[in-house]
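A.B. asks: For reference, this is query_7.cif, and it has mmCIF, C-alpha atoms, pLDDT in the B column; chains and numbers go by the auth columns.
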```cif
data_query
loop_
_atom_site.group_PDB
_atom_site.id
_atom_site.type_symbol
_atom_site.label_atom_id
_atom_site.label_comp_id
_atom_site.label_asym_id
_atom_site.label_seq_id
_atom_site.Cartn_x
_atom_site.Cartn_y
_atom_site.Cartn_z
_atom_site.B_iso_or_equiv
_atom_site.auth_seq_id
_atom_site.auth_asym_id
ATOM 1 C CA MET A 1 124.739 135.879 90.500 52.00 61 P
ATOM 2 C CA ALA A 2 125.085 139.211 88.664 64.00 62 P
ATOM 3 C CA LEU A 3 121.898 141.173 88.104 69.00 63 P
ATOM 4 C CA ALA A 4 122.762 141.437 84.407 72.00 64 P
ATOM 5 C CA ASP A 5 122.457 137.653 84.124 82.00 65 P
ATOM 6 C CA ARG A 6 118.760 137.935 85.035 91.00 66 P
ATOM 7 C CA ILE A 7 117.985 140.308 82.147 95.00 67 P
ATOM 8 C CA LEU A 8 117.233 139.266 78.576 96.00 68 P
ATOM 9 C CA ALA A 9 116.097 140.951 75.373 97.00 69 P
ATOM 10 C CA LEU A 10 113.781 139.009 73.067 97.00 70 P
ATOM 11 C CA ARG A 11 113.022 140.906 69.877 97.00 71 P
ATOM 12 C CA ARG A 12 112.580 140.567 66.135 97.00 72 P
ATOM 13 C CA ASP A 13 115.715 141.800 64.409 95.00 73 P
ATOM 14 C CA PRO A 14 114.789 144.770 62.180 94.00 74 P
ATOM 15 C CA HIS A 15 117.327 143.787 59.511 94.00 75 P
ATOM 16 C CA SER A 16 117.033 140.005 59.223 94.00 76 P
ATOM 17 C CA GLY A 17 113.487 139.582 60.559 95.00 77 P
ATOM 18 C CA GLU A 18 114.700 136.793 62.864 96.00 78 P
ATOM 19 C CA VAL A 19 113.384 136.475 66.409 97.00 79 P
ATOM 20 C CA LEU A 20 116.484 136.689 68.617 97.00 80 P
ATOM 21 C CA ALA A 21 117.061 136.360 72.365 97.00 81 P
ATOM 22 C CA ARG A 22 120.144 137.883 73.940 96.00 82 P
ATOM 23 C CA GLY A 23 121.464 137.884 77.496 95.00 83 P
ATOM 24 C CA GLY A 24 120.696 135.716 80.506 94.00 84 P
ATOM 25 C CA ASP A 25 122.644 132.992 82.261 94.00 85 P
ATOM 26 C CA ILE A 26 122.891 129.273 81.573 92.00 86 P
ATOM 27 C CA GLU A 27 119.533 128.567 83.249 92.00 87 P
ATOM 28 C CA ALA A 28 117.846 131.108 80.979 94.00 88 P
ATOM 29 C CA HIS A 29 119.532 129.504 77.978 95.00 89 P
ATOM 30 C CA SER A 30 118.114 126.119 78.965 93.00 90 P
ATOM 31 C CA ILE A 31 114.623 127.623 79.211 94.00 91 P
ATOM 32 C CA LEU A 32 115.018 129.170 75.761 95.00 92 P
ATOM 33 C CA GLU A 33 116.135 125.857 74.281 95.00 93 P
ATOM 34 C CA ARG A 34 113.183 124.053 75.862 93.00 94 P
ATOM 35 C CA SER A 35 110.937 126.717 74.369 93.00 95 P
ATOM 36 C CA GLY A 36 112.098 125.940 70.837 94.00 96 P
ATOM 37 C CA PHE A 37 115.064 128.307 70.409 96.00 97 P
ATOM 38 C CA VAL A 38 118.410 127.355 68.867 95.00 98 P
ATOM 39 C CA SER A 39 121.721 128.499 70.359 94.00 99 P
ATOM 40 C CA VAL A 40 124.139 130.388 68.105 94.00 100 P
ATOM 41 C CA VAL A 41 127.799 130.952 69.052 92.00 101 P
ATOM 42 C CA ARG A 42 129.784 133.462 67.035 91.00 102 P
ATOM 43 C CA VAL A 43 133.336 134.759 67.493 89.00 103 P
ATOM 44 C CA HIS A 44 132.223 137.875 69.347 88.00 104 P
ATOM 45 C CA GLU A 45 128.733 137.032 70.589 89.00 105 P
ATOM 46 C CA ALA A 46 126.343 134.271 71.560 93.00 106 P
ATOM 47 C CA TYR A 47 122.556 134.393 71.314 96.00 107 P
ATOM 48 C CA HIS A 48 119.484 132.292 70.583 96.00 108 P
ATOM 49 C CA ARG A 49 117.191 132.294 67.550 96.00 109 P
ATOM 50 C CA LEU A 50 114.005 130.556 66.513 96.00 110 P
ATOM 51 C CA PRO A 51 114.257 127.737 63.947 94.00 111 P
ATOM 52 C CA THR A 52 114.083 128.644 60.264 93.00 112 P
ATOM 53 C CA GLY A 53 110.984 127.924 58.203 94.00 113 P
ATOM 54 C CA LEU A 54 108.352 128.985 60.769 95.00 114 P
ATOM 55 C CA ASP A 55 105.464 131.253 59.871 95.00 115 P
ATOM 56 C CA ARG A 56 104.969 134.475 61.781 95.00 116 P
ATOM 57 C CA THR A 57 102.135 133.080 63.910 96.00 117 P
ATOM 58 C CA GLU A 58 104.264 130.177 65.131 96.00 118 P
ATOM 59 C CA GLU A 59 107.211 132.472 65.807 97.00 119 P
ATOM 60 C CA THR A 60 105.006 134.691 67.952 97.00 120 P
ATOM 61 C CA ARG A 61 103.641 131.686 69.843 96.00 121 P
ATOM 62 C CA LEU A 62 107.096 130.314 70.654 96.00 122 P
ATOM 63 C CA ALA A 63 108.494 133.730 71.617 97.00 123 P
ATOM 64 C CA GLU A 64 105.486 134.408 73.864 96.00 124 P
ATOM 65 C CA ARG A 65 105.949 131.030 75.542 96.00 125 P
ATOM 66 C CA ALA A 66 109.627 131.759 76.186 96.00 126 P
ATOM 67 C CA VAL A 67 108.785 135.143 77.734 97.00 127 P
ATOM 68 C CA SER A 68 106.197 133.499 79.991 96.00 128 P
ATOM 69 C CA ARG A 69 108.579 130.783 81.162 95.00 129 P
ATOM 70 C CA LEU A 70 111.456 133.173 81.787 95.00 130 P
ATOM 71 C CA ARG A 71 109.334 135.605 83.779 95.00 131 P
ATOM 72 C CA THR A 72 107.843 132.759 85.829 93.00 132 P
ATOM 73 C CA VAL A 73 111.264 132.053 87.353 92.00 133 P
ATOM 74 C CA GLY A 74 112.184 135.691 87.905 93.00 134 P
ATOM 75 C CA TYR A 75 113.955 136.883 84.752 95.00 135 P
ATOM 76 C CA HIS A 76 113.359 140.391 83.455 96.00 136 P
ATOM 77 C CA VAL A 77 112.567 140.115 79.745 96.00 137 P
ATOM 78 C CA ASP A 78 112.567 143.178 77.511 97.00 138 P
ATOM 79 C CA CYS A 79 110.540 142.091 74.489 97.00 139 P
ATOM 80 C CA ASP A 80 108.538 143.278 71.492 96.00 140 P
ATOM 81 C CA GLU A 81 104.905 144.099 72.127 96.00 141 P
ATOM 82 C CA ASP A 82 103.840 141.093 70.041 96.00 142 P
ATOM 83 C CA PHE A 83 105.680 138.762 72.435 97.00 143 P
ATOM 84 C CA ASP A 84 104.614 140.411 75.680 96.00 144 P
ATOM 85 C CA THR A 85 102.414 138.313 77.964 94.00 145 P
ATOM 86 C CA GLN A 86 101.245 138.265 81.550 91.00 146 P
ATOM 87 C CA THR A 87 100.667 134.509 81.638 90.00 147 P
ATOM 88 C CA THR A 88 102.848 132.206 83.738 87.00 148 P
ATOM 89 C CA GLU A 89 103.605 128.497 83.609 83.00 149 P
ATOM 90 C CA PRO A 90 104.431 125.939 86.301 80.00 150 P
ATOM 91 C CA HIS A 91 108.178 125.504 86.689 77.00 151 P
ATOM 92 C CA TYR A 92 108.925 121.794 86.414 78.00 152 P
ATOM 93 C CA LEU A 93 112.077 120.111 87.637 80.00 153 P
ATOM 94 C CA SER A 94 113.747 118.971 84.426 85.00 154 P
ATOM 95 C CA LEU A 95 115.102 115.470 83.942 88.00 155 P
ATOM 96 C CA GLY A 96 118.593 116.957 83.732 89.00 156 P
ATOM 97 C CA ALA A 97 118.138 118.663 87.094 88.00 157 P
ATOM 98 C CA GLN A 98 117.013 115.384 88.635 89.00 158 P
ATOM 99 C CA VAL A 99 120.134 113.651 87.327 91.00 159 P
ATOM 100 C CA ALA A 100 122.302 116.536 88.565 91.00 160 P
ATOM 101 C CA HIS A 101 120.842 115.961 92.041 92.00 161 P
ATOM 102 C CA LEU A 102 122.803 112.687 92.090 94.00 162 P
ATOM 103 C CA ALA A 103 125.977 114.793 92.225 94.00 163 P
ATOM 104 C CA THR A 104 124.627 116.520 95.325 93.00 164 P
ATOM 105 C CA SER A 105 123.985 113.118 96.905 93.00 165 P
ATOM 106 C CA ILE A 106 127.568 112.042 96.235 95.00 166 P
ATOM 107 C CA ARG A 107 128.930 115.297 97.657 94.00 167 P
ATOM 108 C CA VAL A 108 127.219 114.588 100.988 92.00 168 P
ATOM 109 C CA ALA A 109 127.848 110.818 101.017 94.00 169 P
ATOM 110 C CA THR A 110 129.633 109.707 104.189 92.00 170 P
ATOM 111 C CA SER A 111 130.566 106.163 103.163 93.00 171 P
ATOM 112 C CA THR A 112 131.587 104.178 100.111 93.00 172 P
ATOM 113 C CA GLU A 113 128.265 102.329 100.242 93.00 173 P
ATOM 114 C CA ASP A 114 126.365 105.636 100.031 94.00 174 P
ATOM 115 C CA ALA A 115 128.350 106.769 96.988 94.00 175 P
ATOM 116 C CA ALA A 116 127.980 103.364 95.312 94.00 176 P
ATOM 117 C CA GLU A 117 124.216 103.459 95.824 94.00 177 P
ATOM 118 C CA VAL A 118 124.052 106.738 93.900 94.00 178 P
ATOM 119 C CA LEU A 119 126.232 105.414 91.065 95.00 179 P
ATOM 120 C CA THR A 120 123.858 102.481 90.730 94.00 180 P
ATOM 121 C CA GLU A 121 121.294 104.879 89.274 94.00 181 P
ATOM 122 C CA LEU A 122 123.737 105.462 86.408 94.00 182 P
ATOM 123 C CA THR A 123 125.047 101.918 85.904 94.00 183 P
ATOM 124 C CA ALA A 124 121.992 99.704 86.508 92.00 184 P
ATOM 125 C CA ALA A 125 121.911 97.257 83.605 88.00 185 P
ATOM 126 C CA HIS A 126 118.198 97.341 82.814 89.00 186 P
ATOM 127 C CA ASP A 127 117.019 100.865 83.595 91.00 187 P
ATOM 128 C CA GLY A 128 120.081 102.897 84.607 93.00 188 P
ATOM 129 C CA ILE A 129 120.631 106.399 83.243 95.00 189 P
ATOM 130 C CA LEU A 130 123.501 105.334 80.963 95.00 190 P
ATOM 131 C CA THR A 131 121.442 102.490 79.504 94.00 191 P
ATOM 132 C CA ALA A 132 118.608 104.919 78.825 95.00 192 P
ATOM 133 C CA LEU A 133 121.018 107.395 77.231 96.00 193 P
ATOM 134 C CA GLY A 134 122.280 104.631 74.953 95.00 194 P
ATOM 135 C CA GLU A 135 118.695 103.912 73.885 96.00 195 P
ATOM 136 C CA VAL A 136 118.155 107.596 73.083 96.00 196 P
ATOM 137 C CA LEU A 137 121.294 107.703 70.922 97.00 197 P
ATOM 138 C CA THR A 138 120.286 104.531 69.091 96.00 198 P
ATOM 139 C CA ALA A 139 116.735 105.770 68.530 97.00 199 P
ATOM 140 C CA THR A 140 118.098 109.053 67.158 97.00 200 P
ATOM 141 C CA ALA A 141 120.407 107.103 64.837 96.00 201 P
ATOM 142 C CA ASP A 142 117.440 105.068 63.571 96.00 202 P
ATOM 143 C CA PHE A 143 115.549 108.311 62.966 96.00 203 P
ATOM 144 C CA TYR A 144 118.406 109.785 60.909 95.00 204 P
ATOM 145 C CA GLN A 145 119.055 106.616 58.928 93.00 205 P
ATOM 146 C CA ASP A 146 116.235 107.076 56.430 89.00 206 P
ATOM 147 C CA LEU A 147 115.740 110.852 56.335 94.00 207 P
ATOM 148 C CA GLY A 148 117.070 110.932 52.780 91.00 208 P
ATOM 149 C CA GLN A 149 119.896 113.484 52.868 92.00 209 P
ATOM 150 C CA PRO A 150 123.419 112.367 51.843 88.00 210 P
ATOM 151 C CA ALA A 151 124.927 113.087 55.281 94.00 211 P
ATOM 152 C CA ASP A 152 122.146 111.406 57.265 96.00 212 P
ATOM 153 C CA VAL A 153 123.640 107.908 57.091 94.00 213 P
ATOM 154 C CA TYR A 154 126.956 109.315 58.337 95.00 214 P
ATOM 155 C CA VAL A 155 125.209 111.032 61.259 96.00 215 P
ATOM 156 C CA ALA A 156 123.393 107.801 62.101 96.00 216 P
ATOM 157 C CA THR A 157 126.675 105.860 62.066 96.00 217 P
ATOM 158 C CA ARG A 158 128.345 108.436 64.307 96.00 218 P
ATOM 159 C CA LEU A 159 125.489 108.301 66.816 96.00 219 P
ATOM 160 C CA ARG A 160 125.685 104.505 66.975 96.00 220 P
ATOM 161 C CA SER A 161 129.426 104.783 67.555 96.00 221 P
ATOM 162 C CA LEU A 162 128.770 107.137 70.465 96.00 222 P
ATOM 163 C CA ALA A 163 126.286 104.657 71.933 94.00 223 P
ATOM 164 C CA ASP A 164 128.452 101.580 71.445 93.00 224 P
ATOM 165 C CA ASP A 165 131.988 102.868 71.958 94.00 225 P
ATOM 166 C CA SER A 166 132.127 106.182 73.822 94.00 226 P
ATOM 167 C CA LEU A 167 129.181 105.538 76.096 94.00 227 P
ATOM 168 C CA GLY A 168 130.277 101.942 76.553 91.00 228 P
ATOM 169 C CA LEU A 169 133.639 103.152 77.872 94.00 229 P
ATOM 170 C CA VAL A 170 131.925 105.472 80.357 95.00 230 P
ATOM 171 C CA ARG A 171 129.567 102.699 81.451 93.00 231 P
ATOM 172 C CA SER A 172 132.333 100.131 82.043 93.00 232 P
ATOM 173 C CA SER A 173 134.503 102.648 83.910 95.00 233 P
ATOM 174 C CA LEU A 174 131.685 103.733 86.224 94.00 234 P
ATOM 175 C CA HIS A 175 130.635 100.119 86.764 92.00 235 P
ATOM 176 C CA GLN A 176 134.149 99.283 87.952 94.00 236 P
ATOM 177 C CA THR A 177 134.182 102.376 90.164 95.00 237 P
ATOM 178 C CA ARG A 178 130.894 101.336 91.757 94.00 238 P
ATOM 179 C CA THR A 179 132.199 97.819 92.359 93.00 239 P
ATOM 180 C CA ASP A 180 135.325 99.176 94.031 94.00 240 P
ATOM 181 C CA LEU A 181 133.299 101.479 96.295 93.00 241 P
ATOM 182 C CA ILE A 182 130.708 98.909 97.311 89.00 242 P
ATOM 183 C CA ASP A 183 133.399 96.354 98.244 91.00 243 P
ATOM 184 C CA ARG A 184 135.312 98.750 100.508 91.00 244 P
ATOM 185 C CA HIS A 185 132.755 99.208 103.309 90.00 245 P
ATOM 186 C CA GLN A 186 134.649 102.331 104.353 92.00 246 P
ATOM 187 C CA PRO A 187 133.440 105.570 105.932 91.00 247 P
ATOM 188 C CA HIS A 188 134.756 108.687 104.248 90.00 248 P
ATOM 189 C CA PRO A 189 137.624 109.961 106.445 87.00 249 P
ATOM 190 C CA MET A 190 136.790 113.632 105.821 85.00 250 P
ATOM 191 C CA ARG A 191 133.005 113.417 106.229 82.00 251 P
ATOM 192 C CA ARG A 192 130.657 112.491 109.021 73.00 252 P
ATOM 193 C CA GLU A 193 126.939 112.461 109.552 66.00 253 P
ATOM 194 C CA CYS A 194 125.757 115.555 111.379 62.00 254 P
ATOM 195 C CA THR A 195 123.788 114.843 114.556 60.00 255 P
ATOM 196 C CA GLY A 196 123.255 118.505 115.300 59.00 256 P
ATOM 197 C CA GLU A 197 124.899 118.018 118.687 63.00 257 P
ATOM 198 C CA VAL A 198 127.967 119.577 120.288 59.00 258 P
ATOM 199 C CA GLY A 199 130.906 117.261 120.872 61.00 259 P
ATOM 200 C CA PRO A 200 131.387 115.837 124.405 65.00 260 P
ATOM 201 C CA ASP A 201 134.764 117.597 124.767 65.00 261 P
ATOM 202 C CA GLU A 202 133.237 121.060 124.288 62.00 262 P
ATOM 203 C CA ASN A 203 133.333 123.112 127.495 62.00 263 P
ATOM 204 C CA GLU A 204 131.617 126.278 126.333 58.00 264 P
ATOM 205 C CA ALA A 205 127.922 126.328 127.219 54.00 265 P
ATOM 206 C CA SER A 206 127.210 128.582 124.225 54.00 266 P
ATOM 207 C CA ALA A 207 128.711 126.173 121.700 54.00 267 P
ATOM 208 C CA VAL A 208 126.588 125.013 118.780 55.00 268 P
ATOM 209 C CA CYS A 209 127.107 122.464 116.054 56.00 269 P
ATOM 210 C CA ALA A 210 129.907 123.616 113.736 52.00 270 P
ATOM 211 C CA CYS A 211 128.401 122.045 110.615 56.00 271 P
ATOM 212 C CA PRO A 212 127.243 124.522 107.944 50.00 272 P
ATOM 213 C CA PRO A 213 123.484 124.954 107.675 50.00 273 P
ATOM 214 C CA PRO A 214 121.777 122.805 105.033 51.00 274 P
ATOM 215 C CA ARG A 215 121.213 124.378 101.660 46.00 275 P
ATOM 216 C CA PRO A 216 117.688 125.659 101.118 44.00 276 P
ATOM 217 C CA THR A 217 115.631 123.586 98.740 43.00 277 P
ATOM 218 C CA THR A 218 113.632 125.068 95.892 43.00 278 P
ATOM 219 C CA SER A 219 109.994 124.096 95.699 44.00 279 P
ATOM 220 C CA VAL A 220 109.089 122.970 92.211 47.00 280 P
ATOM 221 C CA ALA A 221 106.093 121.352 90.631 53.00 281 P
ATOM 222 C CA PRO A 222 106.229 117.630 89.788 53.00 282 P
ATOM 223 C CA LEU A 223 107.114 116.576 86.272 54.00 283 P
ATOM 224 C CA PRO A 224 104.232 116.851 83.783 59.00 284 P
ATOM 225 C CA PRO A 225 102.960 113.669 82.107 60.00 285 P
ATOM 226 C CA MET A 226 104.777 112.693 78.907 58.00 286 P
ATOM 227 C CA PRO A 227 102.867 113.492 75.688 57.00 287 P
ATOM 228 C CA ALA A 228 101.043 110.582 74.113 59.00 288 P
ATOM 229 C CA THR A 229 102.537 111.171 70.664 52.00 289 P
ATOM 230 C CA PRO A 230 105.292 113.347 69.149 52.00 290 P
ATOM 231 C CA ALA A 231 102.578 115.354 67.404 50.00 291 P
ATOM 232 C CA ALA A 232 101.453 116.682 70.780 48.00 292 P
ATOM 233 C CA ARG A 233 104.486 118.959 70.838 50.00 293 P
ATOM 234 C CA HIS A 234 103.205 120.911 67.836 48.00 294 P
ATOM 235 C CA ARG A 235 99.691 121.615 69.060 45.00 295 P
#
```
Would it be possible to restate this file's structure as structure tokens?

C.D. replies:
Amino acid sequence: MALADRILALRRDPHSGEVLARGGDIEAHSILERSGFVSVVRVHEAYHRLPTGLDRTEETRLAERAVSRLRTVGYHVDCDEDFDTQTTEPHYLSLGAQVAHLATSIRVATSTEDAAEVLTELTAAHDGILTALGEVLTATADFYQDLGQPADVYVATRLRSLADDSLGLVRSSLHQTRTDLIDRHQPHPMRRECTGEVGPDENEASAVCACPPPRPTTSVAPLPPMPATPAARHR
């Protein structure tokens, strides 16, 4: 990773008065978005800004929180004095990162049963990830339905279409893939479980296992408890 990707600038623009964040890699962008920032993509640049309609006190609070979170995980943040802080926050493993870990499990799977077991977390009928995603889309559609703007009903209809049609296609395709894998009972021909031992046909006394070393794991704090009400996010 380039050193430049670990550096960000978070300042109030002297011309527009907007609080803008520039620089950083995709992980930094995720932290900014979870801190209340909105991504902006222009023809010649991409950056993040705070939402419109906030008072100056709230802007300072959100910018300060973003600086704290970015510095906690090792980013260098050049910021206005008003946003500077020495506080840190626990770094939680996001839900997206937990789902992405399923890809890691599939990459090291040594049999069709192992891969199918991972896909079950996506396709399980009652509480699989795809079912949950469909519920989120439907709930968002219900939220939009009665907001009162002319385009809101259209947005709600589009979200329901995503839940019913697009997501339904993904769900049925992955379900069939899982069924095919689980019925094969086949070890992967290019993968094997590592025992850490040298093969019996190895004559050199200095030989060691040829498998690559395992990837180091990052220690993270457990997920925080979910807020009791949506209002808790604005305290």

A.B. asks: Can you write out as JSON lines which residues of segment 107-163 of chain P fall within 12 Å of segment 73-77 of chain P, alongside each residue's closest atom pair and its distance in Å to one decimal, counting all atoms listed in the file and ordering rows by chain and ascending residue number?

C.D. replies:
```
{"residue": "P:His108", "atom": "CA", "partner": "P:Asp73", "partner_atom": "CA", "distance": 11.9}
{"residue": "P:Arg109", "atom": "CA", "partner": "P:Asp73", "partner_atom": "CA", "distance": 10.1}
{"residue": "P:Leu110", "atom": "CA", "partner": "P:Gly77", "partner_atom": "CA", "distance": 10.8}
{"residue": "P:Thr112", "atom": "CA", "partner": "P:Gly77", "partner_atom": "CA", "distance": 11.0}
{"residue": "P:Leu114", "atom": "CA", "partner": "P:Gly77", "partner_atom": "CA", "distance": 11.8}
{"residue": "P:Asp115", "atom": "CA", "partner": "P:Gly77", "partner_atom": "CA", "distance": 11.6}
{"residue": "P:Arg116", "atom": "CA", "partner": "P:Gly77", "partner_atom": "CA", "distance": 10.0}
{"residue": "P:Glu119", "atom": "CA", "partner": "P:Gly77", "partner_atom": "CA", "distance": 10.8}
{"residue": "P:Cys139", "atom": "CA", "partner": "P:Asp73", "partner_atom": "CA", "distance": 11.3}
{"residue": "P:Asp140", "atom": "CA", "partner": "P:Asp73", "partner_atom": "CA", "distance": 10.2}
```

A.B. asks: Suppose you want the space between atom CA of Glu93 of chain P and atom CA of Leu207 of chain P; what is it in Å?

C.D. replies: 23.4 Å

A.B. asks: Residue by residue, what does the PyMOL selection byres ((chain P and resi 128-136) around 10) grab here? Present the result as a ChimeraX atom specification.

C.D. replies: /P:63-69,84-85,87-89,91-92,94-95,122-127,137-139,143-151

A.B. asks: Which residues of segment 115-214 of chain P come within 7 Å of segment 230-252 of chain P, and for each one, what is the closest pair of atoms and their distance in Å to one decimal, counting all atoms listed in the file, sorted by chain and residue number, as a tab-separated table?

C.D. replies:
```
residue	atom	partner	partner_atom	distance
P:Thr170	CA	P:His248	CA	5.2
P:Ser171	CA	P:Pro247	CA	4.0
P:Thr172	CA	P:Leu241	CA	5.0
P:Glu173	CA	P:Ile242	CA	5.1
P:Ala176	CA	P:Arg238	CA	5.0
P:Leu179	CA	P:Arg238	CA	6.2
P:Thr183	CA	P:His235	CA	5.9
P:Leu190	CA	P:Arg231	CA	6.6
```

A.B. asks: Using the chain letters and numbering of this document, enumerate as a list in words the residues selected by the PyMOL selection byres ((chain P and resi 202) around 12).

C.D. replies: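 On the file shown, the PyMOL selection byres ((chain P and resi 202) around 12) covers Glu195, Val196, Leu197, Thr198, Ala199, Thr200, Ala201, Phe203, Tyr204, Gln205, Asp206, Leu207, Asp212, Val213, Tyr214, Val215, Ala216, Thr217, Arg218, Leu219 and Arg220 of chain P.
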
A.B. asks: Can you measure atom CA of His186 of chain P to atom CA of Ala160 of chain P for me? One decimal in Å is fine.

C.D. replies: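 So the answer is 20.5 Å.
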